[in-house]
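> Structure supplied as data37.cif; contents: mmCIF, C-alpha atoms.
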data_protein
#
loop_
_atom_site.label_atom_id
_atom_site.label_comp_id
_atom_site.auth_asym_id
_atom_site.auth_seq_id
_atom_site.Cartn_x
_atom_site.Cartn_y
_atom_site.Cartn_z
CA MET A 1 11.02 -124.38 82.75
CA ALA A 2 12.16 -127.19 80.50
CA GLU A 3 13.19 -128.03 76.98
CA ILE A 4 10.79 -130.75 75.80
CA THR A 5 12.06 -133.17 73.16
CA LEU A 6 10.01 -135.77 71.30
CA LYS A 7 12.28 -138.49 69.94
CA SER A 8 11.01 -141.05 67.39
CA LEU A 9 7.61 -140.63 69.03
CA ALA A 10 4.55 -142.51 67.75
CA HIS A 11 1.25 -143.57 69.26
CA SER A 12 -1.64 -145.84 68.32
CA TYR A 13 -4.73 -146.65 70.34
CA LEU A 14 -4.75 -150.12 68.75
CA GLN A 15 -2.86 -153.06 70.24
CA THR A 16 -1.48 -154.19 66.86
CA PRO A 17 -1.43 -151.21 64.47
CA ASP A 18 -1.00 -152.01 60.79
CA GLY A 19 0.31 -149.05 58.82
CA ASP A 20 0.27 -145.26 59.22
CA GLN A 21 -3.53 -145.11 59.12
CA ASP A 22 -3.69 -146.84 62.52
CA TYR A 23 -1.53 -144.23 64.27
CA ALA A 24 -2.96 -141.15 65.98
CA ILE A 25 0.62 -139.83 66.11
CA ARG A 26 2.94 -140.92 63.31
CA GLU A 27 6.64 -141.16 64.10
CA MET A 28 8.05 -137.69 64.75
CA ASP A 29 11.00 -135.82 66.20
CA HIS A 30 10.34 -132.39 67.63
CA VAL A 31 11.77 -129.91 70.15
CA TRP A 32 9.97 -127.27 72.24
CA HIS A 33 12.71 -124.94 73.47
CA GLN A 34 12.80 -123.66 77.02
CA GLY A 35 10.76 -120.52 77.62
CA GLY A 36 9.05 -120.52 74.21
CA ALA A 37 5.42 -119.69 73.45
CA TYR A 38 4.17 -122.35 71.05
CA ALA A 39 0.87 -123.29 69.44
CA LEU A 40 -0.13 -126.75 68.23
CA LEU A 41 -2.60 -126.04 65.42
CA GLY A 42 -4.76 -128.37 63.37
CA PRO A 43 -8.28 -129.67 62.70
CA SER A 44 -10.21 -132.01 64.97
CA GLY A 45 -8.82 -135.54 64.89
CA CYS A 46 -5.30 -134.62 63.73
CA GLY A 47 -3.65 -135.76 66.99
CA LYS A 48 -3.18 -132.46 68.86
CA SER A 49 -4.72 -133.50 72.17
CA THR A 50 -3.14 -136.96 71.98
CA LEU A 51 0.29 -135.35 71.63
CA LEU A 52 -0.38 -132.94 74.49
CA ASN A 53 -1.50 -135.80 76.76
CA ILE A 54 1.69 -137.71 75.94
CA ILE A 55 3.79 -134.69 76.89
CA SER A 56 1.88 -134.23 80.15
CA GLY A 57 2.05 -137.92 81.10
CA LEU A 58 -1.66 -138.66 80.88
CA LEU A 59 -0.83 -141.05 78.04
CA GLU A 60 2.23 -143.24 77.46
CA PRO A 61 3.44 -143.36 73.83
CA SER A 62 3.44 -146.63 71.89
CA ARG A 63 6.98 -145.92 70.67
CA GLY A 64 9.71 -143.38 71.21
CA ASP A 65 10.59 -141.07 74.08
CA VAL A 66 9.56 -137.82 75.73
CA LEU A 67 12.52 -135.98 77.26
CA PHE A 68 12.54 -133.03 79.66
CA ASP A 69 15.93 -131.32 79.61
CA GLY A 70 17.45 -134.48 78.12
CA GLU A 71 15.95 -136.89 80.69
CA VAL A 72 13.47 -139.55 79.50
CA VAL A 73 10.16 -139.12 81.38
CA ASN A 74 7.99 -141.78 79.68
CA ALA A 75 7.37 -143.63 82.96
CA LEU A 76 6.77 -140.53 85.09
CA PRO A 77 3.16 -139.63 86.01
CA PRO A 78 1.96 -136.03 85.43
CA GLU A 79 2.60 -134.90 89.02
CA GLN A 80 6.26 -135.90 88.77
CA ARG A 81 6.77 -134.08 85.47
CA ASN A 82 6.05 -130.75 87.13
CA ILE A 83 3.58 -129.88 84.37
CA ALA A 84 0.53 -127.63 84.63
CA GLN A 85 -2.31 -128.36 82.23
CA VAL A 86 -5.36 -126.21 81.46
CA PHE A 87 -8.20 -128.08 79.77
CA GLN A 88 -11.11 -127.06 77.52
CA PHE A 89 -13.47 -126.88 80.47
CA PRO A 90 -12.65 -125.22 83.81
CA VAL A 91 -11.16 -127.37 86.57
CA VAL A 92 -11.99 -125.57 89.82
CA TYR A 93 -13.22 -126.45 93.30
CA ASP A 94 -16.69 -124.88 93.49
CA THR A 95 -16.85 -124.90 97.29
CA MET A 96 -13.56 -122.99 97.62
CA THR A 97 -13.04 -119.27 97.20
CA VAL A 98 -11.14 -117.97 94.19
CA TYR A 99 -8.22 -117.25 96.52
CA ASP A 100 -8.11 -120.82 97.84
CA ASN A 101 -8.42 -122.26 94.32
CA LEU A 102 -5.39 -120.25 93.22
CA ALA A 103 -3.50 -121.08 96.42
CA PHE A 104 -4.17 -124.82 96.23
CA PRO A 105 -1.29 -125.83 93.89
CA LEU A 106 1.17 -123.85 96.05
CA ARG A 107 -0.09 -125.22 99.36
CA ASN A 108 0.00 -128.72 97.89
CA VAL A 109 3.81 -128.47 97.58
CA GLY A 110 4.33 -126.88 101.01
CA THR A 111 4.80 -123.24 99.97
CA SER A 112 4.86 -120.73 102.83
CA GLU A 113 1.66 -118.69 103.29
CA GLU A 114 3.60 -115.48 102.75
CA ARG A 115 4.76 -116.70 99.35
CA VAL A 116 1.24 -118.00 98.62
CA ARG A 117 -0.19 -114.52 99.21
CA GLU A 118 2.45 -112.94 96.96
CA ARG A 119 1.88 -115.32 94.04
CA VAL A 120 -1.91 -115.38 94.30
CA SER A 121 -1.98 -111.59 94.39
CA GLU A 122 0.36 -111.37 91.37
CA VAL A 123 -1.55 -113.89 89.23
CA ALA A 124 -4.96 -112.50 90.25
CA ASP A 125 -3.82 -109.05 89.21
CA VAL A 126 -2.63 -110.26 85.80
CA LEU A 127 -5.91 -112.15 85.18
CA GLU A 128 -8.05 -109.33 86.59
CA LEU A 129 -9.41 -111.54 89.37
CA SER A 130 -8.33 -109.38 92.32
CA GLY A 131 -11.91 -108.29 93.01
CA GLN A 132 -13.16 -111.90 92.98
CA LEU A 133 -10.74 -113.48 95.48
CA LYS A 134 -13.26 -113.81 98.31
CA ARG A 135 -16.07 -115.23 96.13
CA LYS A 136 -16.91 -118.93 96.02
CA ALA A 137 -16.01 -120.42 92.66
CA LYS A 138 -19.52 -121.84 92.22
CA ASN A 139 -20.83 -118.26 91.87
CA LEU A 140 -18.54 -117.38 88.95
CA THR A 141 -19.41 -117.24 85.25
CA ALA A 142 -17.93 -119.82 82.87
CA ASP A 143 -15.26 -117.42 81.62
CA GLU A 144 -14.34 -116.38 85.19
CA LYS A 145 -13.99 -120.04 86.15
CA GLN A 146 -11.70 -120.61 83.19
CA LYS A 147 -9.55 -117.66 84.25
CA VAL A 148 -9.27 -119.28 87.70
CA SER A 149 -8.34 -122.56 86.01
CA MET A 150 -5.63 -120.75 84.03
CA GLY A 151 -4.45 -119.05 87.21
CA ARG A 152 -4.03 -122.43 88.93
CA GLY A 153 -1.64 -123.38 86.13
CA LEU A 154 0.24 -120.08 86.28
CA VAL A 155 0.57 -119.64 90.02
CA ARG A 156 3.53 -121.98 90.49
CA ASP A 157 6.75 -120.43 89.27
CA ASP A 158 8.68 -123.72 89.29
CA VAL A 159 6.69 -125.63 86.63
CA SER A 160 8.49 -127.13 83.65
CA ALA A 161 5.77 -126.05 81.22
CA ILE A 162 2.11 -125.08 80.99
CA LEU A 163 -0.01 -126.95 78.47
CA PHE A 164 -3.27 -125.40 77.24
CA ASP A 165 -5.80 -127.71 75.56
CA GLU A 166 -8.19 -125.37 73.69
CA PRO A 167 -8.73 -123.32 76.88
CA LEU A 168 -11.03 -120.70 75.34
CA THR A 169 -13.76 -123.13 74.17
CA VAL A 170 -16.26 -121.97 76.82
CA ILE A 171 -15.24 -118.30 76.76
CA ASP A 172 -17.60 -115.66 75.42
CA PRO A 173 -16.39 -114.65 71.92
CA GLN A 174 -16.06 -111.01 72.98
CA LEU A 175 -13.61 -112.02 75.73
CA LYS A 176 -11.50 -114.43 73.66
CA TRP A 177 -9.34 -111.76 72.07
CA LYS A 178 -8.70 -110.14 75.46
CA LEU A 179 -7.69 -113.44 77.07
CA ARG A 180 -5.42 -114.37 74.17
CA ARG A 181 -3.59 -111.09 74.62
CA LYS A 182 -3.51 -111.69 78.37
CA LEU A 183 -1.83 -115.07 77.91
CA LYS A 184 0.75 -113.45 75.64
CA GLU A 185 1.40 -110.82 78.30
CA ILE A 186 1.75 -113.53 80.97
CA HIS A 187 4.29 -115.40 78.87
CA GLN A 188 6.34 -112.27 78.29
CA ARG A 189 6.20 -111.47 82.00
CA PHE A 190 7.03 -114.91 83.42
CA GLY A 191 8.94 -116.60 80.55
CA ILE A 192 7.34 -120.02 81.13
CA THR A 193 7.41 -122.66 78.39
CA MET A 194 3.85 -122.71 77.04
CA ILE A 195 2.22 -125.01 74.48
CA TYR A 196 -1.25 -123.98 73.35
CA VAL A 197 -3.45 -126.45 71.46
CA THR A 198 -6.12 -125.00 69.17
CA HIS A 199 -7.93 -125.47 65.86
CA ASP A 200 -8.25 -121.67 65.49
CA GLN A 201 -5.49 -120.05 63.41
CA LEU A 202 -6.24 -116.61 64.90
CA GLU A 203 -5.77 -117.93 68.44
CA ALA A 204 -2.52 -119.61 67.43
CA SER A 205 -1.15 -116.53 65.67
CA THR A 206 -2.13 -114.17 68.50
CA PHE A 207 -0.53 -116.29 71.22
CA ALA A 208 2.44 -118.10 69.75
CA ASP A 209 5.90 -117.09 68.58
CA LYS A 210 6.04 -120.35 66.61
CA ILE A 211 3.27 -122.67 65.45
CA ALA A 212 3.41 -126.42 64.83
CA VAL A 213 0.75 -127.33 62.25
CA MET A 214 -0.51 -130.92 62.58
CA TYR A 215 -2.15 -132.96 59.86
CA GLU A 216 -2.98 -136.67 60.03
CA GLY A 217 -0.82 -137.27 63.09
CA GLN A 218 2.24 -135.39 61.85
CA VAL A 219 3.75 -131.94 62.32
CA VAL A 220 3.88 -130.87 58.67
CA GLN A 221 5.36 -127.42 59.35
CA PHE A 222 6.86 -125.58 62.31
CA GLY A 223 7.36 -121.86 61.91
CA THR A 224 6.33 -118.31 62.67
CA PRO A 225 2.84 -117.11 61.69
CA ARG A 226 4.42 -115.13 58.85
CA GLU A 227 6.35 -118.17 57.55
CA LEU A 228 3.20 -120.29 57.57
CA PHE A 229 1.34 -117.64 55.61
CA GLU A 230 4.00 -116.62 53.10
CA GLN A 231 5.74 -119.98 52.56
CA PRO A 232 3.47 -122.88 53.53
CA GLY A 233 5.60 -126.02 53.71
CA HIS A 234 2.71 -128.36 52.86
CA THR A 235 -0.45 -128.00 50.81
CA PHE A 236 -2.54 -128.58 53.96
CA VAL A 237 -0.89 -125.58 55.63
CA GLY A 238 -1.76 -123.49 52.58
CA TYR A 239 -5.41 -124.60 52.73
CA PHE A 240 -5.72 -124.28 56.51
CA ILE A 241 -3.95 -120.97 57.08
CA GLY A 242 -5.54 -117.87 55.61
CA SER A 243 -9.10 -116.96 54.62
CA PRO A 244 -9.66 -117.87 51.88
CA GLY A 245 -6.96 -120.52 51.80
CA MET A 246 -4.19 -120.83 49.24
CA ASN A 247 -4.97 -121.54 45.57
CA PHE A 248 -3.44 -124.74 44.16
CA LEU A 249 -3.25 -125.78 40.53
CA ASP A 250 -2.07 -129.11 39.14
CA VAL A 251 0.63 -128.32 36.59
CA HIS A 252 2.83 -129.84 33.91
CA VAL A 253 5.23 -128.52 31.26
CA SER A 254 4.68 -128.98 27.55
CA ASP A 255 6.80 -127.41 24.80
CA GLY A 256 8.45 -125.06 27.28
CA THR A 257 5.13 -123.73 28.64
CA LEU A 258 3.54 -124.28 32.04
CA TYR A 259 0.02 -125.70 31.85
CA SER A 260 -2.76 -126.43 34.29
CA GLY A 261 -4.94 -128.91 32.46
CA ARG A 262 -5.25 -127.46 28.97
CA THR A 263 -4.78 -123.86 30.10
CA ALA A 264 -1.43 -122.11 29.66
CA LEU A 265 -0.47 -120.21 32.81
CA PRO A 266 1.04 -116.73 33.14
CA SER A 267 4.73 -116.55 32.18
CA SER A 268 6.89 -118.53 34.59
CA SER A 269 10.55 -118.46 35.49
CA ASP A 270 12.94 -120.81 33.75
CA ARG A 271 13.77 -122.32 37.13
CA LEU A 272 10.13 -123.21 37.81
CA LEU A 273 9.69 -124.67 34.33
CA GLU A 274 12.84 -126.76 34.79
CA ARG A 275 11.73 -128.03 38.22
CA VAL A 276 8.26 -129.00 36.99
CA ALA A 277 9.60 -130.63 33.82
CA ASN A 278 12.04 -132.77 35.84
CA CYS A 279 9.51 -133.95 38.45
CA ARG A 280 8.93 -137.68 38.44
CA SER A 281 5.75 -137.43 40.50
CA ASP A 282 2.19 -137.19 39.19
CA ASN A 283 1.33 -134.90 42.11
CA VAL A 284 2.83 -131.54 41.13
CA LYS A 285 1.14 -128.27 42.00
CA ILE A 286 1.83 -124.58 42.16
CA GLY A 287 0.30 -122.52 44.94
CA ILE A 288 -0.38 -118.81 45.36
CA ARG A 289 -2.33 -116.96 48.02
CA PRO A 290 -5.42 -114.91 47.01
CA GLU A 291 -3.70 -111.82 48.41
CA PHE A 292 -0.80 -112.12 45.94
CA ILE A 293 -2.68 -112.63 42.66
CA GLU A 294 -2.47 -109.49 40.49
CA VAL A 295 -5.90 -108.58 39.12
CA SER A 296 -6.57 -106.25 36.18
CA ALA A 297 -9.53 -105.32 34.01
CA VAL A 298 -7.33 -105.19 30.90
CA PRO A 299 -4.76 -107.61 29.47
CA GLY A 300 -1.10 -107.01 30.18
CA GLY A 301 2.29 -108.66 29.82
CA GLY A 302 2.26 -112.13 31.35
CA SER A 303 -1.42 -112.03 32.34
CA VAL A 304 -4.07 -114.64 31.53
CA GLU A 305 -7.81 -114.21 31.04
CA VAL A 306 -10.18 -115.69 33.63
CA ASP A 307 -13.94 -115.72 34.17
CA VAL A 308 -15.30 -113.83 37.19
CA ASP A 309 -18.04 -115.93 38.82
CA ASP A 310 -18.65 -113.78 41.87
CA VAL A 311 -17.47 -110.66 43.70
CA GLN A 312 -17.95 -110.61 47.46
CA ASP A 313 -17.63 -107.08 48.85
CA LEU A 314 -16.41 -107.27 52.46
CA GLY A 315 -15.92 -103.55 53.02
CA THR A 316 -12.17 -103.01 53.23
CA TYR A 317 -11.53 -105.69 50.60
CA SER A 318 -13.33 -107.90 48.07
CA ILE A 319 -12.98 -111.62 47.35
CA LEU A 320 -13.21 -112.55 43.67
CA SER A 321 -14.25 -116.08 42.68
CA LEU A 322 -12.50 -116.80 39.38
CA ARG A 323 -12.24 -119.66 36.90
CA LEU A 324 -9.04 -120.38 35.01
CA GLY A 325 -10.11 -123.03 32.53
CA GLU A 326 -11.66 -125.74 34.73
CA TRP A 327 -9.88 -124.53 37.88
CA PRO A 328 -11.54 -122.31 40.52
CA LEU A 329 -9.40 -119.56 42.07
CA LYS A 330 -9.87 -116.91 44.75
CA ALA A 331 -8.28 -113.46 44.59
CA ARG A 332 -8.35 -110.74 47.21
CA VAL A 333 -8.58 -107.12 46.08
CA GLU A 334 -8.10 -104.34 48.62
CA GLU A 335 -10.53 -101.43 48.89
CA GLY A 336 -10.02 -99.06 45.97
CA GLY A 337 -8.50 -101.78 43.79
CA VAL A 338 -9.82 -103.04 40.46
CA THR A 339 -12.79 -105.42 40.85
CA PRO A 340 -13.69 -106.57 37.31
CA HIS A 341 -16.96 -108.36 36.51
CA ASP A 342 -17.46 -111.15 33.94
CA LYS A 343 -13.82 -111.14 32.74
CA ALA A 344 -10.51 -110.34 34.43
CA TYR A 345 -6.81 -110.68 33.73
CA ILE A 346 -4.53 -112.12 36.38
CA GLY A 347 -0.82 -112.49 36.96
CA PHE A 348 1.18 -114.65 39.36
CA PRO A 349 4.18 -112.70 40.74
CA GLU A 350 7.16 -115.06 40.73
CA ARG A 351 8.07 -114.22 44.33
CA TRP A 352 4.75 -115.56 45.64
CA VAL A 353 4.44 -118.75 43.59
CA GLY A 354 5.29 -121.96 45.46
CA LEU A 355 5.99 -125.35 43.92
CA TYR A 356 4.63 -128.45 45.69
CA VAL A 357 5.62 -132.01 44.88
CA ASP A 358 3.71 -134.79 46.66
CA ASP A 359 2.16 -132.01 48.79
CA TYR A 360 5.48 -130.69 50.19
CA ARG A 361 7.00 -127.39 49.16
CA VAL A 362 10.08 -127.48 46.96
CA GLU A 363 12.50 -124.61 47.59
CA MET A 364 13.01 -122.27 44.65
CA ASP A 365 15.92 -119.90 44.00
CA HIS A 366 13.73 -116.80 44.40
CA GLU A 367 12.84 -117.85 47.97
#
When written as structure tokens, how does the structure in this file appear?

Amino acid sequence: MAEITLKSLAHSYLQTPDGDQDYAIREMDHVWHQGGAYALLGPSGCGKSTLLNIISGLLEPSRGDVLFDGEVVNALPPEQRNIAQVFQFPVVYDTMTVYDNLAFPLRNVGTSEERVRERVSEVADVLELSGQLKRKAKNLTADEKQKVSMGRGLVRDDVSAILFDEPLTVIDPQLKWKLRRKLKEIHQRFGITMIYVTHDQLEASTFADKIAVMYEGQVVQFGTPRELFEQPGHTFVGYFIGSPGMNFLDVHVSDGTLYSGRTALPSSSDRLLERVANCRSDNVKIGIRPEFIEVSAVPGGGSVEVDVDDVQDLGTYSILSLRLGEWPLKARVEEGGVTPHDKAYIGFPERWVGLYVDDYRVEMDHE
């Protein structure tokens, strides 16, 4: 196992990049601590796979360093970094049995056959492949092959880290949840440093203790699933995490009142009003998750009237599509809660309102 440090790291696929827009990875500093279970989450094209390939040694960064336990490894090829990598599509030897596929990484480094049997048996048991060990890999289903591919990464107990590049792409949807839980169990059992790349927030939250959210070549927030949900550090994190994503409203202060466009917003704390009034940026927003908006059919203290455009009944909860002036909003109402039609009255609890300046969250006293 290793602590992996990225120091002033940046990468461009162009020979002479000109500005941030030419970099797949913008300059970053980041640490993956030894033995952690991490997810690298973001949309297609944000730089996730590029970053993973730099860590593994398949790609050399344009600038900066990759360090394993404090040692720079930029010039080392993948085999000398002692890294296991599991890709989107299974990497197996079809003519070999499942047993020999799992044994291959161990035999390749001269492991005794007794130890090979022990490790193959242990990993096969964890991945529920014990009954398949004598079968040729070519006869397996796509999801069975991917489990073998995962097992090849897990079988060595001396690896620095295991890197997963969207490993459940080819897996049947009904098996994805089971395999995500299996990977979590494997991490808890073996304590190997694991970095899991995905564009699926559910996969990331199920597997990882901490998630690095990438956007336009940068890690814009690194935190627990709960932190990303309750206190998104960037507007992109708010949009990307949650379903529906976070509501954002452009705001300004006039005559001691908080406005979004020409609409006065529910009563706000003095601290929020002061922060907004003193902002020198033109990009100032407040954000609140649909789950935290208070919805009522009647007016109350600090509430504001909105139009109800649609109510989507999803069984255990409903999603309300609202309009506050010219701004669309989403609110989530749990089963048994008030679901007004045509008109509603909403409030923004101070605890759940975030302030964002130039897209980054500004800490407030109530946080």
> Which of these residues is nearest to A:Val116, using all atoms listed in the file: A:Arg156, A:Lys136, A:His199, A:Lys147?
A:Arg156
> Quick one: distance from atom CA of A:Leu51 to atom CA of A:Gln221 in Å, one decimal?
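Here the two named atoms are 15.5 Å from each other.
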> For stretch 91-96 of chain A, list every protein, DNA or RNA residue within 8 Å, evaluated using all atoms listed in the file, and leave out those in the same chain fewer than 6 positions away; present the list as a PDB file with C-alpha atoms, in the coordinates of the input.

ATOM      1  CA  LYS A 136     -16.910-118.930  96.020  1.00  0.00           C
ATOM      2  CA  ALA A 137     -16.010-120.420  92.660  1.00  0.00           C
ATOM      3  CA  LYS A 138     -19.520-121.840  92.220  1.00  0.00           C
ATOM      4  CA  ASN A 139     -20.830-118.260  91.870  1.00  0.00           C
ATOM      5  CA  LYS A 145     -13.990-120.040  86.150  1.00  0.00           C
ATOM      6  CA  GLN A 146     -11.700-120.610  83.190  1.00  0.00           C
ATOM      7  CA  VAL A 148      -9.270-119.280  87.700  1.00  0.00           C
ATOM      8  CA  SER A 149      -8.340-122.560  86.010  1.00  0.00           C
TER       9      SER A 149
END
> Can you list, as a PDB file with C-alpha atoms, in the coordinates of the input, the residues that the PyMOL selection byres ((chain A and resi 189-195) around 9) selects here?

ATOM      1  CA  MET A   1      11.020-124.380  82.750  1.00  0.00           C
ATOM      2  CA  ALA A   2      12.160-127.190  80.500  1.00  0.00           C
ATOM      3  CA  GLU A   3      13.190-128.030  76.980  1.00  0.00           C
ATOM      4  CA  TRP A  32       9.970-127.270  72.240  1.00  0.00           C
ATOM      5  CA  HIS A  33      12.710-124.940  73.470  1.00  0.00           C
ATOM      6  CA  GLN A  34      12.800-123.660  77.020  1.00  0.00           C
ATOM      7  CA  GLY A  35      10.760-120.520  77.620  1.00  0.00           C
ATOM      8  CA  GLY A  36       9.050-120.520  74.210  1.00  0.00           C
ATOM      9  CA  ALA A  37       5.420-119.690  73.450  1.00  0.00           C
ATOM     10  CA  TYR A  38       4.170-122.350  71.050  1.00  0.00           C
ATOM     11  CA  ALA A  39       0.870-123.290  69.440  1.00  0.00           C
ATOM     12  CA  LEU A  40      -0.130-126.750  68.230  1.00  0.00           C
ATOM     13  CA  LEU A  52      -0.380-132.940  74.490  1.00  0.00           C
ATOM     14  CA  LEU A 154       0.240-120.080  86.280  1.00  0.00           C
ATOM     15  CA  ASP A 157       6.750-120.430  89.270  1.00  0.00           C
ATOM     16  CA  VAL A 159       6.690-125.630  86.630  1.00  0.00           C
ATOM     17  CA  SER A 160       8.490-127.130  83.650  1.00  0.00           C
ATOM     18  CA  ALA A 161       5.770-126.050  81.220  1.00  0.00           C
ATOM     19  CA  ILE A 162       2.110-125.080  80.990  1.00  0.00           C
ATOM     20  CA  LEU A 163      -0.010-126.950  78.470  1.00  0.00           C
ATOM     21  CA  PHE A 164      -3.270-125.400  77.240  1.00  0.00           C
ATOM     22  CA  ASP A 165      -5.800-127.710  75.560  1.00  0.00           C
ATOM     23  CA  LYS A 184       0.750-113.450  75.640  1.00  0.00           C
ATOM     24  CA  GLU A 185       1.400-110.820  78.300  1.00  0.00           C
ATOM     25  CA  ILE A 186       1.750-113.530  80.970  1.00  0.00           C
ATOM     26  CA  HIS A 187       4.290-115.400  78.870  1.00  0.00           C
ATOM     27  CA  GLN A 188       6.340-112.270  78.290  1.00  0.00           C
ATOM     28  CA  TYR A 196      -1.250-123.980  73.350  1.00  0.00           C
ATOM     29  CA  VAL A 197      -3.450-126.450  71.460  1.00  0.00           C
ATOM     30  CA  ALA A 208       2.440-118.100  69.750  1.00  0.00           C
TER      31      ALA A 208
END
> Near stretch 210-214 of chain A, counting only C-alpha atoms, which residues have an atom at most 10 Å away, once you skip same-chain residues fewer than 3 positions from it, shown as a PyMOL selection string?
chain A and resi 25+30+32+36-43+45-48+195-197+199+201+204-205+207+217-228+233-234+236-237+240-241
> Just want the 9 Å neighbourhood of A:Met28, counted on only C-alpha atoms, with same-chain residues fewer than 4 positions away dropped. Output as an MDAnalysis selection string.
chainID A and resid 6:10 64 218:219
> Set the distance at 7 Å and use only C-alpha atoms: which residues neighbour stretch 288-300 of chain A once local chain neighbours fewer than 3 positions away are removed? I'd like the list as a PDB file with C-alpha atoms, keeping the file's coordinate frame.

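As written to disk, out_16.pdb reads:
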ATOM      1  CA  GLY A 245      -6.960-120.520  51.800  1.00  0.00           C
ATOM      2  CA  MET A 246      -4.190-120.830  49.240  1.00  0.00           C
ATOM      3  CA  ASN A 247      -4.970-121.540  45.570  1.00  0.00           C
ATOM      4  CA  PHE A 248      -3.440-124.740  44.160  1.00  0.00           C
ATOM      5  CA  SER A 303      -1.420-112.030  32.340  1.00  0.00           C
ATOM      6  CA  LYS A 330      -9.870-116.910  44.750  1.00  0.00           C
ATOM      7  CA  ALA A 331      -8.280-113.460  44.590  1.00  0.00           C
ATOM      8  CA  ARG A 332      -8.350-110.740  47.210  1.00  0.00           C
ATOM      9  CA  VAL A 338      -9.820-103.040  40.460  1.00  0.00           C
ATOM     10  CA  PRO A 340     -13.690-106.570  37.310  1.00  0.00           C
ATOM     11  CA  ALA A 344     -10.510-110.340  34.430  1.00  0.00           C
ATOM     12  CA  TYR A 345      -6.810-110.680  33.730  1.00  0.00           C
ATOM     13  CA  ILE A 346      -4.530-112.120  36.380  1.00  0.00           C
ATOM     14  CA  GLY A 347      -0.820-112.490  36.960  1.00  0.00           C
ATOM     15  CA  PHE A 348       1.180-114.650  39.360  1.00  0.00           C
ATOM     16  CA  TRP A 352       4.750-115.560  45.640  1.00  0.00           C
ATOM     17  CA  VAL A 353       4.440-118.750  43.590  1.00  0.00           C
ATOM     18  CA  GLY A 354       5.290-121.960  45.460  1.00  0.00           C
TER      19      GLY A 354
END
> Using only C-alpha atoms, find the one residue out of A:Ser44, A:Ser121, A:Ser260, A:Ser130 that sits nearest to A:Ala103.
A:Ser121
> Please give the centre and size of the box around stretch 24-40 of chain A (axis-aligned, containing every atom listed in the file, 3 Å added per side), with values in Å to one decimal and written as AutoDock Vina command-line options.

--center_x 4.9 --center_y -130.4 --center_z 70.5 --size_x 21.8 --size_y 27.5 --size_z 20.3
> Can you tell me how far atom CA of A:Thr235 sits from atom CA of A:Asp359, in Å to one decimal?
5.2 Å
> Excluding A:Lys343 and its own-chain neighbours fewer than 6 positions away, which residues fall within 12 Å of it when counting only C-alpha atoms? Please give them as a CSV table (one decimal) with C-alpha atoms, in the frame of the given file.

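Okay, result_32.csv is ready:
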chain,number,residue,atom,x,y,z
A,295,VAL,CA,-5.9,-108.6,39.1
A,296,SER,CA,-6.6,-106.2,36.2
A,297,ALA,CA,-9.5,-105.3,34.0
A,298,VAL,CA,-7.3,-105.2,30.9
A,299,PRO,CA,-4.8,-107.6,29.5
A,304,VAL,CA,-4.1,-114.6,31.5
A,305,GLU,CA,-7.8,-114.2,31.0
A,306,VAL,CA,-10.2,-115.7,33.6
A,307,ASP,CA,-13.9,-115.7,34.2
A,308,VAL,CA,-15.3,-113.8,37.2
A,309,ASP,CA,-18.0,-115.9,38.8
A,310,ASP,CA,-18.6,-113.8,41.9
A,311,VAL,CA,-17.5,-110.7,43.7
A,320,LEU,CA,-13.2,-112.6,43.7
A,321,SER,CA,-14.2,-116.1,42.7
A,322,LEU,CA,-12.5,-116.8,39.4
A,323,ARG,CA,-12.2,-119.7,36.9
A,324,LEU,CA,-9.0,-120.4,35.0
